[in-house]
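Have a look at my_file-v3.csv below; it lists CSV, C-alpha atoms and all ligand atoms.
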chain,number,residue,atom,x,y,z
K,1,MET,CA,0.0,0.0,0.0
K,2,ALA,CA,1.4,3.4,-0.9
K,3,PRO,CA,2.1,5.5,2.2
K,4,PRO,CA,-0.4,8.3,2.7
K,5,ASN,CA,1.4,11.5,1.8
K,6,ARG,CA,0.1,14.9,2.5
K,7,THR,CA,1.0,18.0,0.6
K,8,ASN,CA,-0.1,21.4,1.8
K,9,THR,CA,0.5,24.9,0.8
K,10,ILE,CA,1.2,27.5,3.4
K,11,ASP,CA,1.2,31.2,2.6
K,12,PHE,CA,2.6,33.0,5.5
K,13,ASP,CA,0.9,36.3,5.0
K,14,ALA,CA,0.0,38.4,8.0
K,15,ALA,CA,-3.5,36.8,8.2
K,16,LYS,CA,-2.0,33.3,8.2
K,17,LEU,CA,0.5,34.2,10.9
K,18,GLN,CA,-2.3,35.3,13.1
K,19,ARG,CA,-4.3,32.2,12.4
K,20,LEU,CA,-1.2,30.1,13.4
K,21,GLY,CA,-1.5,31.1,17.0
K,22,PHE,CA,-0.8,34.7,17.4
K,23,THR,CA,-4.5,35.8,17.8
K,24,GLY,CA,-4.7,34.6,21.3
K,25,LYS,CA,-7.4,32.1,20.3
K,26,ARG,CA,-6.7,28.6,21.6
K,27,GLN,CA,-6.3,26.0,18.9
K,28,PRO,CA,-8.0,22.6,19.6
K,29,LYS,CA,-6.0,20.0,21.4
K,30,LEU,CA,-2.7,22.0,21.2
K,31,LYS,CA,-0.4,22.1,24.3
K,32,PRO,CA,-0.3,25.9,24.5
K,33,VAL,CA,2.4,26.2,27.1
K,34,SER,CA,4.9,23.9,25.5
K,35,LEU,CA,4.1,25.1,22.0
K,36,ALA,CA,4.4,28.7,23.0
K,37,GLU,CA,7.7,27.9,24.8
K,38,LEU,CA,9.0,26.2,21.7
K,39,HIS,CA,8.0,29.2,19.6
K,40,ARG,CA,9.9,31.4,22.0
K,41,GLN,CA,13.0,29.2,21.9
K,42,LEU,CA,12.9,28.9,18.1
K,43,ASN,CA,12.5,32.6,17.7
K,44,LEU,CA,15.6,33.1,19.7
K,45,GLN,CA,17.7,30.3,18.3
K,46,LEU,CA,16.9,30.6,14.6
K,47,GLN,CA,17.9,34.2,14.7
K,48,THR,CA,21.5,33.3,15.6
K,49,SER,CA,22.5,32.1,12.1
K,50,LEU,CA,22.3,33.2,8.4
K,51,ASP,CA,23.2,29.8,7.2
K,52,VAL,CA,20.3,27.9,5.6
K,53,GLU,CA,21.6,24.5,6.5
K,54,ARG,CA,22.2,25.4,10.1
K,55,ILE,CA,18.7,27.0,10.5
K,56,VAL,CA,16.8,24.1,9.0
K,57,ASN,CA,18.9,21.6,11.1
K,58,LEU,CA,18.2,23.6,14.3
K,59,PHE,CA,14.5,23.7,13.4
K,60,PHE,CA,14.5,19.9,12.8
K,61,THR,CA,16.2,19.2,16.2
K,62,GLU,CA,14.0,21.7,18.2
K,63,VAL,CA,10.7,20.7,16.7
K,64,GLN,CA,11.2,17.1,17.9
K,65,ARG,CA,10.8,18.4,21.5
K,66,LEU,CA,7.1,18.6,20.6
K,67,VAL,CA,6.5,16.3,17.6
K,68,SER,CA,8.6,13.3,17.0
K,69,LEU,CA,10.1,13.1,13.5
K,70,ASP,CA,12.3,10.7,11.6
K,71,ALA,CA,13.5,13.0,8.9
K,72,LEU,CA,13.2,16.4,7.3
K,73,THR,CA,13.8,17.5,3.7
K,74,TYR,CA,14.1,21.0,2.6
K,75,LEU,CA,14.3,22.1,-1.1
K,76,HIS,CA,14.8,25.4,-2.7
K,77,GLN,CA,15.7,24.8,-6.3
K,78,SER,CA,16.6,28.2,-7.5
K,79,SER,CA,19.0,28.6,-4.6
K,80,ASP,CA,20.4,25.2,-5.4
K,81,VAL,CA,19.6,24.0,-1.8
K,82,ARG,CA,18.6,20.4,-1.1
K,83,LEU,CA,18.9,19.3,2.5
K,84,GLU,CA,18.1,16.0,4.1
K,85,PHE,CA,18.2,15.4,7.8
K,86,GLY,CA,17.4,12.0,9.5
K,87,THR,CA,16.5,8.8,7.8
K,88,LEU,CA,13.8,8.3,5.2
K,89,ALA,CA,10.4,7.3,6.5
K,90,SER,CA,7.1,6.1,5.0
K,91,HIS,CA,4.7,9.0,6.0
K,92,SER,CA,5.3,12.6,5.0
K,93,ALA,CA,3.7,16.0,5.4
K,94,GLY,CA,4.9,18.5,2.8
K,95,TYR,CA,4.6,22.2,2.9
K,96,ARG,CA,5.2,24.8,0.2
K,97,LEU,CA,6.5,27.8,2.1
K,98,SER,CA,5.9,31.4,0.9
K,99,ASN,CA,5.6,34.8,2.3
K,100,GLU,CA,3.5,37.4,0.6
K,101,GLY,CA,4.1,35.8,-2.7
K,102,GLU,CA,7.8,35.1,-2.2
K,103,TYR,CA,8.6,31.4,-2.6
K,104,LEU,CA,10.7,30.1,0.3
K,105,GLY,CA,11.0,26.4,-0.7
K,106,GLU,CA,9.4,23.1,0.2
K,107,LEU,CA,9.7,21.5,3.6
K,108,ILE,CA,8.8,17.8,4.1
K,109,PHE,CA,8.4,16.3,7.6
K,110,ARG,CA,8.8,12.5,7.5
K,111,ARG,CA,8.0,9.8,10.0
K,112,ASN,CA,7.3,6.0,10.1
K,113,GLN,CA,4.2,6.6,12.1
K,114,ARG,CA,1.2,8.5,10.6
K,115,PHE,CA,0.9,12.2,11.7
K,116,ASP,CA,-2.3,13.0,13.5
K,117,GLU,CA,-4.2,16.2,13.1
K,118,GLN,CA,-2.9,17.8,16.3
K,119,GLU,CA,0.6,17.2,15.3
K,120,LEU,CA,0.1,18.6,11.9
K,121,ASN,CA,-1.4,21.7,13.5
K,122,GLN,CA,1.6,22.0,15.8
K,123,LEU,CA,4.0,21.6,12.9
K,124,GLU,CA,2.2,24.2,10.9
K,125,SER,CA,2.3,26.6,13.8
K,126,LEU,CA,6.0,26.1,14.3
K,127,LEU,CA,6.7,26.7,10.7
K,128,SER,CA,5.8,30.3,11.3
K,129,SER,CA,9.0,30.6,13.5
K,130,LEU,CA,11.1,29.3,10.6
K,131,LEU,CA,9.7,31.8,8.1
K,132,PHE,CA,11.7,35.0,8.6
K,133,PRO,CA,15.0,33.4,9.6
K,134,LEU,CA,14.8,31.2,6.5
K,135,ARG,CA,14.0,34.1,4.3
K,136,ASN,CA,16.9,36.1,5.7
K,137,ALA,CA,19.3,33.2,5.2
K,138,LEU,CA,18.1,32.7,1.6
K,139,LEU,CA,18.6,36.4,0.9
K,140,TYR,CA,22.1,36.3,2.5
K,141,ARG,CA,23.0,33.2,0.5
K,142,ALA,CA,21.9,34.9,-2.8
K,143,ALA,CA,23.9,38.0,-1.9
K,144,VAL,CA,27.0,35.9,-1.2
K,145,GLN,CA,26.6,33.9,-4.3
K,146,SER,CA,26.1,37.0,-6.5
K,147,ALA,CA,29.3,38.4,-5.1
K,148,LEU,CA,31.1,35.3,-6.3
K,149,ARG,CA,29.5,35.1,-9.8
K,150,ASP,CA,30.5,36.7,-13.1
K,151,PRO,CA,27.2,38.2,-14.2
K,152,LEU,CA,27.9,38.1,-17.9
K,153,THR,CA,28.6,34.4,-18.2
K,154,ASP,CA,27.0,33.1,-15.0
K,155,THR,CA,30.2,31.3,-14.1
K,156,GLY,CA,32.3,31.8,-10.9
K,157,ASN,CA,34.4,34.9,-10.8
K,158,ARG,CA,38.1,35.3,-9.8
K,159,ILE,CA,37.3,35.5,-6.1
K,160,ALA,CA,35.2,32.4,-6.2
K,161,MET,CA,38.0,30.7,-8.1
K,162,GLU,CA,40.6,31.5,-5.5
K,163,GLN,CA,38.4,30.4,-2.6
K,164,THR,CA,37.3,27.2,-4.3
K,165,LEU,CA,40.7,26.2,-5.6
K,166,GLN,CA,42.3,26.4,-2.1
K,167,ARG,CA,39.4,24.4,-0.6
K,168,GLU,CA,39.6,21.7,-3.4
K,169,VAL,CA,43.4,21.5,-3.2
K,170,ASP,CA,43.1,20.9,0.6
K,171,LEU,CA,40.4,18.4,0.1
K,172,ALA,CA,42.3,16.5,-2.6
K,173,ARG,CA,45.3,16.3,-0.4
K,174,ARG,CA,43.4,15.1,2.6
K,175,SER,CA,41.4,12.5,0.6
K,176,LEU,CA,44.4,11.5,-1.6
K,177,GLN,CA,42.2,12.1,-4.6
K,178,PRO,CA,43.5,13.4,-7.9
K,179,MET,CA,42.5,16.9,-9.1
K,180,SER,CA,43.1,18.7,-12.3
K,181,VAL,CA,42.5,22.1,-13.8
K,182,LEU,CA,42.1,23.3,-17.4
K,183,MET,CA,43.0,26.9,-18.1
K,184,LEU,CA,41.5,28.0,-21.4
K,185,ASP,CA,41.4,31.1,-23.6
K,186,ILE,CA,39.4,32.0,-26.7
K,187,ASP,CA,41.6,32.2,-29.7
K,188,HIS,CA,41.9,35.6,-31.4
K,189,PHE,CA,39.1,37.0,-29.4
K,190,LYS,CA,40.3,40.6,-30.0
K,191,ARG,CA,39.5,40.2,-33.7
K,192,ILE,CA,35.8,39.4,-32.8
K,193,ASN,CA,35.6,42.5,-30.8
K,194,ASP,CA,37.4,44.6,-33.4
K,195,GLN,CA,35.3,43.2,-36.3
K,196,TYR,CA,31.8,43.0,-34.8
K,197,GLY,CA,31.9,45.2,-31.7
K,198,HIS,CA,32.1,44.6,-28.0
K,199,SER,CA,28.5,43.5,-27.5
K,200,THR,CA,29.0,40.7,-30.0
K,201,GLY,CA,32.1,39.8,-28.1
K,202,ASP,CA,30.1,39.7,-24.9
K,203,GLU,CA,27.5,37.4,-26.6
K,204,VAL,CA,30.3,35.1,-27.8
K,205,LEU,CA,31.7,34.9,-24.2
K,206,LYS,CA,28.2,33.9,-23.0
K,207,ALA,CA,27.9,31.3,-25.7
K,208,VAL,CA,31.3,29.8,-25.0
K,209,ALA,CA,30.6,29.7,-21.2
K,210,THR,CA,27.2,27.9,-21.9
K,211,THR,CA,28.9,25.4,-24.2
K,212,LEU,CA,31.6,24.7,-21.6
K,213,LYS,CA,29.1,24.2,-18.8
K,214,GLY,CA,27.0,21.9,-21.1
K,215,LYS,CA,30.0,19.7,-21.7
K,216,LEU,CA,30.9,19.2,-18.1
K,217,ARG,CA,29.5,17.1,-15.2
K,218,ASN,CA,27.6,19.0,-12.5
K,219,VAL,CA,30.4,18.7,-10.1
K,220,ASP,CA,32.9,20.4,-12.4
K,221,MET,CA,33.2,24.1,-11.8
K,222,VAL,CA,33.8,26.8,-14.4
K,223,PHE,CA,35.3,30.2,-13.5
K,224,ARG,CA,35.8,33.3,-15.7
K,225,PHE,CA,38.9,34.8,-14.2
K,226,GLY,CA,40.0,37.2,-16.9
K,227,GLY,CA,38.5,38.8,-20.1
K,228,GLU,CA,38.3,35.7,-22.3
K,229,GLU,CA,40.0,33.3,-19.9
K,230,PHE,CA,38.3,30.5,-18.1
K,231,LEU,CA,39.4,27.9,-15.6
K,232,VAL,CA,37.7,24.5,-15.3
K,233,LEU,CA,38.2,22.8,-12.0
K,234,LEU,CA,38.0,19.0,-12.2
K,235,SER,CA,37.9,17.4,-8.8
K,236,GLY,CA,38.7,13.7,-8.5
K,237,THR,CA,40.1,13.8,-12.0
K,238,CYS,CA,43.5,12.4,-13.0
K,239,ARG,CA,45.7,13.6,-15.9
K,240,GLU,CA,44.3,11.2,-18.5
K,241,ALA,CA,40.6,11.9,-17.7
K,242,ALA,CA,41.3,15.7,-17.6
K,243,ALA,CA,42.9,15.4,-21.1
K,244,MET,CA,39.8,13.8,-22.4
K,245,VAL,CA,37.6,16.5,-20.9
K,246,GLY,CA,39.9,19.2,-22.4
K,247,GLU,CA,39.5,17.6,-25.8
K,248,ARG,CA,35.8,17.4,-25.4
K,249,LEU,CA,35.6,21.1,-24.6
K,250,ARG,CA,37.9,22.0,-27.5
K,251,LEU,CA,35.7,20.1,-29.9
K,252,GLY,CA,32.6,21.5,-28.3
K,253,ILE,CA,33.7,25.1,-29.0
K,254,LEU,CA,34.9,24.2,-32.5
K,255,GLU,CA,31.4,22.8,-33.3
K,256,LEU,CA,29.6,25.7,-31.8
K,257,GLN,CA,27.6,27.3,-34.6
K,258,TYR,CA,27.6,30.9,-33.4
K,259,LEU,CA,26.0,33.1,-36.1
K,260,VAL,CA,26.9,36.8,-36.7
K,261,GLN,CA,25.1,38.6,-39.5
K,262,GLY,CA,23.9,35.2,-40.6
K,263,ARG,CA,27.3,33.7,-40.9
K,264,PRO,CA,29.0,31.3,-38.4
K,265,LEU,CA,32.0,32.6,-36.6
K,266,ASP,CA,35.2,30.6,-36.6
K,267,LEU,CA,35.6,29.9,-32.8
K,268,SER,CA,38.3,27.9,-31.1
K,269,ILE,CA,39.9,27.7,-27.7
K,270,SER,CA,43.4,26.8,-26.5
K,271,LEU,CA,43.8,24.9,-23.3
K,272,GLY,CA,46.5,24.1,-20.7
K,273,CYS,CA,46.0,21.2,-18.4
K,274,ALA,CA,47.7,20.6,-15.0
K,275,THR,CA,47.2,17.9,-12.5
K,276,LEU,CA,47.9,18.5,-8.8
K,277,LEU,CA,51.3,17.2,-7.7
K,278,PRO,CA,51.9,16.0,-4.1
K,279,ALA,CA,52.3,18.9,-1.8
K,280,GLU,CA,51.9,21.4,-4.6
K,281,SER,CA,50.5,24.9,-3.9
K,282,VAL,CA,47.5,26.5,-5.7
K,283,GLU,CA,49.9,29.1,-7.2
K,284,SER,CA,52.2,26.4,-8.6
K,285,LEU,CA,49.3,24.4,-10.1
K,286,LEU,CA,48.0,27.6,-11.8
K,287,ARG,CA,51.4,28.5,-13.0
K,288,ARG,CA,51.9,25.1,-14.7
K,289,ALA,CA,48.4,25.3,-16.3
K,290,ASP,CA,49.2,28.8,-17.5
K,291,ASN,CA,52.5,27.7,-19.0
K,292,ALA,CA,50.8,24.8,-20.7
K,293,LEU,CA,48.2,27.2,-22.2
K,294,TYR,CA,51.0,29.4,-23.4
K,295,VAL,CA,52.5,26.4,-25.2
K,296,ALA,CA,49.1,25.6,-26.8
K,297,LYS,CA,48.9,29.2,-28.1
K,298,ARG,CA,52.5,29.2,-29.3
K,299,GLU,CA,52.1,25.9,-31.2
K,300,GLY,CA,49.2,27.2,-33.3
K,301,ARG,CA,46.1,27.5,-31.0
K,302,ASN,CA,43.0,25.3,-31.1
K,303,ARG,CA,44.8,22.7,-29.1
K,304,LEU,CA,45.3,21.2,-25.6
K,305,SER,CA,48.7,21.2,-24.0
K,306,MET,CA,49.5,19.1,-20.9
K,307,ALA,CA,51.7,20.6,-18.2
K,308,GLY,CA,54.8,18.5,-17.5
K,401,LIG,N1,33.6,41.8,-25.4
K,401,LIG,C1,34.4,41.7,-24.4
K,401,LIG,N2,35.7,41.7,-24.7
K,401,LIG,C2,36.6,41.5,-23.7
K,401,LIG,C3,36.1,41.4,-22.3
K,401,LIG,N3,37.2,41.3,-21.5
K,401,LIG,C4,38.3,41.3,-22.3
K,401,LIG,N4,38.0,41.5,-23.6
K,401,LIG,C5,38.8,41.6,-24.8
K,401,LIG,O1,39.5,40.4,-25.0
K,401,LIG,C6,40.5,40.6,-25.9
K,401,LIG,C7,41.7,39.8,-25.5
K,401,LIG,O2,42.7,40.0,-26.5
K,401,LIG,P1,44.1,39.3,-26.4
K,401,LIG,O3,44.6,39.1,-25.0
K,401,LIG,O4,45.0,40.0,-27.4
K,401,LIG,O5,43.9,37.8,-26.9
K,401,LIG,P2,43.3,37.2,-28.3
K,401,LIG,O6,42.9,38.2,-29.2
K,401,LIG,O7,42.2,36.3,-27.8
K,401,LIG,O8,44.5,36.4,-28.8
K,401,LIG,P3,45.1,35.0,-28.4
K,401,LIG,O9,44.6,34.8,-27.0
K,401,LIG,O10,46.5,35.2,-28.5
K,401,LIG,O11,44.5,34.0,-29.3
K,401,LIG,C8,40.8,42.1,-25.8
K,401,LIG,O12,40.4,42.7,-27.0
K,401,LIG,C9,39.9,42.6,-24.7
K,401,LIG,O13,39.4,43.9,-24.8
K,401,LIG,C10,34.7,41.4,-22.1
K,401,LIG,O14,34.2,41.3,-21.0
K,401,LIG,N5,33.9,41.6,-23.2
I'd like the structure from this file rewritten - as structure tokens, please.
Amino acid sequence: MAPPNRTNTIDFDAAKLQRLGFTGKRQPKLKPVSLAELHRQLNLQLQTSLDVERIVNLFFTEVQRLVSLDALTYLHQSSDVRLEFGTLASHSAGYRLSNEGEYLGELIFRRNQRFDEQELNQLESLLSSLLFPLRNALLYRAAVQSALRDPLTDTGNRIAMEQTLQREVDLARRSLQPMSVLMLDIDHFKRINDQYGHSTGDEVLKAVATTLKGKLRNVDMVFRFGGEEFLVLLSGTCREAAAMVGERLRLGILELQYLVQGRPLDLSISLGCATLLPAESVESLLRRADNALYVAKREGRNRLSMAG
């Protein structure tokens, strides 16, 4: 038998907030003292962080003082957030959270035992304490992310690249996993700007970035760290696999049919590939990738060169 699932929509406008227990009216069968106390505690605790994961985890832990749960899932696709706490269970109660039209994600409570009406009322009431901390954390996350993105190509910017590289190098060292980078540059990009204008140049940059992203796995990261220079970070990737990815990207750009004034542009990229050596620094890894890129340019462009 399929488990009974409940999906509800909650719009936390002012009226709803009142209905959830701030009107002074007692709700049937609720435990007003402990519910009120939990609201008070949640209001204090959830304000202490701007981290979405920490807030949802705190909420999951605290709510269990009133309603037992086995798991909690929180999803906010456009922010790229998917959180799972606890272990999967057969019964669920899902809520679509929004505040005055602003979508704040989906929250699913899960449990092996069916939820009763009183528990659902309590959960719904407690959700109101999550609302504003969660909204603030999502806004903060969006602000941080936009500070790390290149708005033209929607790839990571130089700051993001530096932060991520250091983290990934540390991780690769600790986990003894390989890691490679591809540094790439559009060939004769200046000619495109000179011949067709800067805005066409911008459109070409966007098309190249989109093609690169389309040819990579989700876990691979693309950064635009200079005018027409990109870095692809390939975690868990050895030299041979990185060379294959580099070739795939080179061919992808070569096959890109970008039309200007009805005619396809001749587009190509040159790439330098370097694989992290034991105890190597980020600076050294980048220097080797840059040297390899220089070799690819010198040897005629539209090619991949491997760092020694
Ligand atoms: N449209 C546009 N052009 C940019 C941007 N950033 C840098 N550029 C241009 O990119 C060009 C880079 O030129 P070069 O460094 O000479 O390189 P190239 O013409 O690609 O030649 P090779 O790399 O040697 O193949 C310059 O004309 C810059 O003005 C940008 O954001 N938009």
Item to complete: For each of K:Leu50, K:Ala89, K:Leu286, K:Ala160, take the minimum atom-to-atom distance to K:Ala274, counting all atoms listed in the file, then give the residue where this is smallest.
Response: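 The answer is K:Leu286, which sits nearest to K:Ala274.
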Practice prompt. Could the residues that lie within 10 Å of ligand LIG 401 (chain K), counting all atoms listed in the file, be listed as a VMD selection string?
Written response: chain K and resid 150 152 to 153 184 to 194 196 to 206 224 to 229 268 to 270 293 to 294 296 to 298 300 to 302
Export of the given selection (C-alpha atoms) as a PDB file, keeping the file's coordinate frame:
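Below you can see part-v1.pdb, which holds the result:
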ATOM      1  CA  ASP K 150      30.500  36.700 -13.100  1.00  0.00           C
ATOM      2  CA  LEU K 152      27.900  38.100 -17.900  1.00  0.00           C
ATOM      3  CA  THR K 153      28.600  34.400 -18.200  1.00  0.00           C
ATOM      4  CA  LEU K 184      41.500  28.000 -21.400  1.00  0.00           C
ATOM      5  CA  ASP K 185      41.400  31.100 -23.600  1.00  0.00           C
ATOM      6  CA  ILE K 186      39.400  32.000 -26.700  1.00  0.00           C
ATOM      7  CA  ASP K 187      41.600  32.200 -29.700  1.00  0.00           C
ATOM      8  CA  HIS K 188      41.900  35.600 -31.400  1.00  0.00           C
ATOM      9  CA  PHE K 189      39.100  37.000 -29.400  1.00  0.00           C
ATOM     10  CA  LYS K 190      40.300  40.600 -30.000  1.00  0.00           C
ATOM     11  CA  ARG K 191      39.500  40.200 -33.700  1.00  0.00           C
ATOM     12  CA  ILE K 192      35.800  39.400 -32.800  1.00  0.00           C
ATOM     13  CA  ASN K 193      35.600  42.500 -30.800  1.00  0.00           C
ATOM     14  CA  ASP K 194      37.400  44.600 -33.400  1.00  0.00           C
ATOM     15  CA  TYR K 196      31.800  43.000 -34.800  1.00  0.00           C
ATOM     16  CA  GLY K 197      31.900  45.200 -31.700  1.00  0.00           C
ATOM     17  CA  HIS K 198      32.100  44.600 -28.000  1.00  0.00           C
ATOM     18  CA  SER K 199      28.500  43.500 -27.500  1.00  0.00           C
ATOM     19  CA  THR K 200      29.000  40.700 -30.000  1.00  0.00           C
ATOM     20  CA  GLY K 201      32.100  39.800 -28.100  1.00  0.00           C
ATOM     21  CA  ASP K 202      30.100  39.700 -24.900  1.00  0.00           C
ATOM     22  CA  GLU K 203      27.500  37.400 -26.600  1.00  0.00           C
ATOM     23  CA  VAL K 204      30.300  35.100 -27.800  1.00  0.00           C
ATOM     24  CA  LEU K 205      31.700  34.900 -24.200  1.00  0.00           C
ATOM     25  CA  LYS K 206      28.200  33.900 -23.000  1.00  0.00           C
ATOM     26  CA  ARG K 224      35.800  33.300 -15.700  1.00  0.00           C
ATOM     27  CA  PHE K 225      38.900  34.800 -14.200  1.00  0.00           C
ATOM     28  CA  GLY K 226      40.000  37.200 -16.900  1.00  0.00           C
ATOM     29  CA  GLY K 227      38.500  38.800 -20.100  1.00  0.00           C
ATOM     30  CA  GLU K 228      38.300  35.700 -22.300  1.00  0.00           C
ATOM     31  CA  GLU K 229      40.000  33.300 -19.900  1.00  0.00           C
ATOM     32  CA  SER K 268      38.300  27.900 -31.100  1.00  0.00           C
ATOM     33  CA  ILE K 269      39.900  27.700 -27.700  1.00  0.00           C
ATOM     34  CA  SER K 270      43.400  26.800 -26.500  1.00  0.00           C
ATOM     35  CA  LEU K 293      48.200  27.200 -22.200  1.00  0.00           C
ATOM     36  CA  TYR K 294      51.000  29.400 -23.400  1.00  0.00           C
ATOM     37  CA  ALA K 296      49.100  25.600 -26.800  1.00  0.00           C
ATOM     38  CA  LYS K 297      48.900  29.200 -28.100  1.00  0.00           C
ATOM     39  CA  ARG K 298      52.500  29.200 -29.300  1.00  0.00           C
ATOM     40  CA  GLY K 300      49.200  27.200 -33.300  1.00  0.00           C
ATOM     41  CA  ARG K 301      46.100  27.500 -31.000  1.00  0.00           C
ATOM     42  CA  ASN K 302      43.000  25.300 -31.100  1.00  0.00           C
TER      43      ASN K 302
END
Practice prompt. Considering all atoms listed in the file, state which residue in the set K:Gln145, K:Phe85, K:Asp220, K:Leu176 is at the smallest distance from K:Arg54.
Written response: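 Nearest to K:Arg54: K:Phe85.
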Item to complete: Pick out the closest residue to K:Glu162 from this set: K:Leu233, K:Leu75, K:Leu123, K:Leu304. Count only C-alpha atoms.
Response: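 Closest to K:Glu162 of all the choices is K:Leu233.
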Worksheet item: Using all atoms listed in the file, which of K:Met221, K:Val181, K:Thr237, K:Leu251 sits nearest K:Cys273?
Response: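 Smallest distance to K:Cys273 is found for K:Val181.
Proximity ranking of K:Ser235, K:Gln45, K:Ser92, K:Asn157 relative to K:Asn218 places K:Ser235 first, based on only C-alpha atoms.
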Item to complete: Rank K:Lys215, K:Leu267, K:Glu283, K:Leu131 by their smallest atom-to-atom distance to K:Gly105, using only C-alpha atoms, and report the top residue only.
Response: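 Of K:Lys215, K:Leu267, K:Glu283, K:Leu131, the one nearest K:Gly105, counting only C-alpha atoms, is K:Leu131.
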Worksheet item: For the point (11.7, 28.0, 20.5) in file coordinates, what residues are within 12 Å, counting only C-alpha atoms? Give the answer as an NGL selection string?
Response: :K and (33-47 or 58-66 or 125-130)
Got a minute to add N, CA and C atoms to stretch 88-102 of chain K and dump it as a tab-separated table (two decimals), keeping the file's coordinate frame?
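File written: part14.tsv
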chain	number	residue	atom	x	y	z
K	88	LEU	N	15.11	8.29	5.92
K	88	LEU	CA	13.80	8.30	5.20
K	88	LEU	C	12.76	7.49	5.90
K	89	ALA	N	11.53	7.94	5.84
K	89	ALA	CA	10.40	7.30	6.50
K	89	ALA	C	9.20	7.25	5.62
K	90	SER	N	8.22	6.40	5.98
K	90	SER	CA	7.10	6.10	5.00
K	90	SER	C	6.03	7.20	4.98
K	91	HIS	N	5.81	7.94	6.05
K	91	HIS	CA	4.70	9.00	6.00
K	91	HIS	C	5.37	10.34	5.91
K	92	SER	N	4.69	11.21	5.19
K	92	SER	CA	5.30	12.60	5.00
K	92	SER	C	4.16	13.61	5.04
K	93	ALA	N	4.54	14.79	5.45
K	93	ALA	CA	3.70	16.00	5.40
K	93	ALA	C	4.49	17.07	4.75
K	94	GLY	N	4.11	17.47	3.56
K	94	GLY	CA	4.90	18.50	2.80
K	94	GLY	C	4.27	19.82	2.81
K	95	TYR	N	5.08	20.85	2.89
K	95	TYR	CA	4.60	22.20	2.90
K	95	TYR	C	5.34	23.05	1.89
K	96	ARG	N	4.60	23.83	1.12
K	96	ARG	CA	5.20	24.80	0.20
K	96	ARG	C	5.22	26.11	0.98
K	97	LEU	N	6.40	26.65	1.24
K	97	LEU	CA	6.50	27.80	2.10
K	97	LEU	C	6.55	29.10	1.20
K	98	SER	N	5.75	30.08	1.56
K	98	SER	CA	5.90	31.40	0.90
K	98	SER	C	5.45	32.47	1.80
K	99	ASN	N	5.95	33.64	1.51
K	99	ASN	CA	5.60	34.80	2.30
K	99	ASN	C	5.24	35.94	1.40
K	100	GLU	N	4.00	36.35	1.44
K	100	GLU	CA	3.50	37.40	0.60
K	100	GLU	C	3.97	37.24	-0.86
K	101	GLY	N	3.76	36.04	-1.35
K	101	GLY	CA	4.10	35.80	-2.70
K	101	GLY	C	5.52	35.34	-2.99
K	102	GLU	N	6.37	35.49	-2.00
K	102	GLU	CA	7.80	35.10	-2.20
K	102	GLU	C	7.96	33.66	-1.84
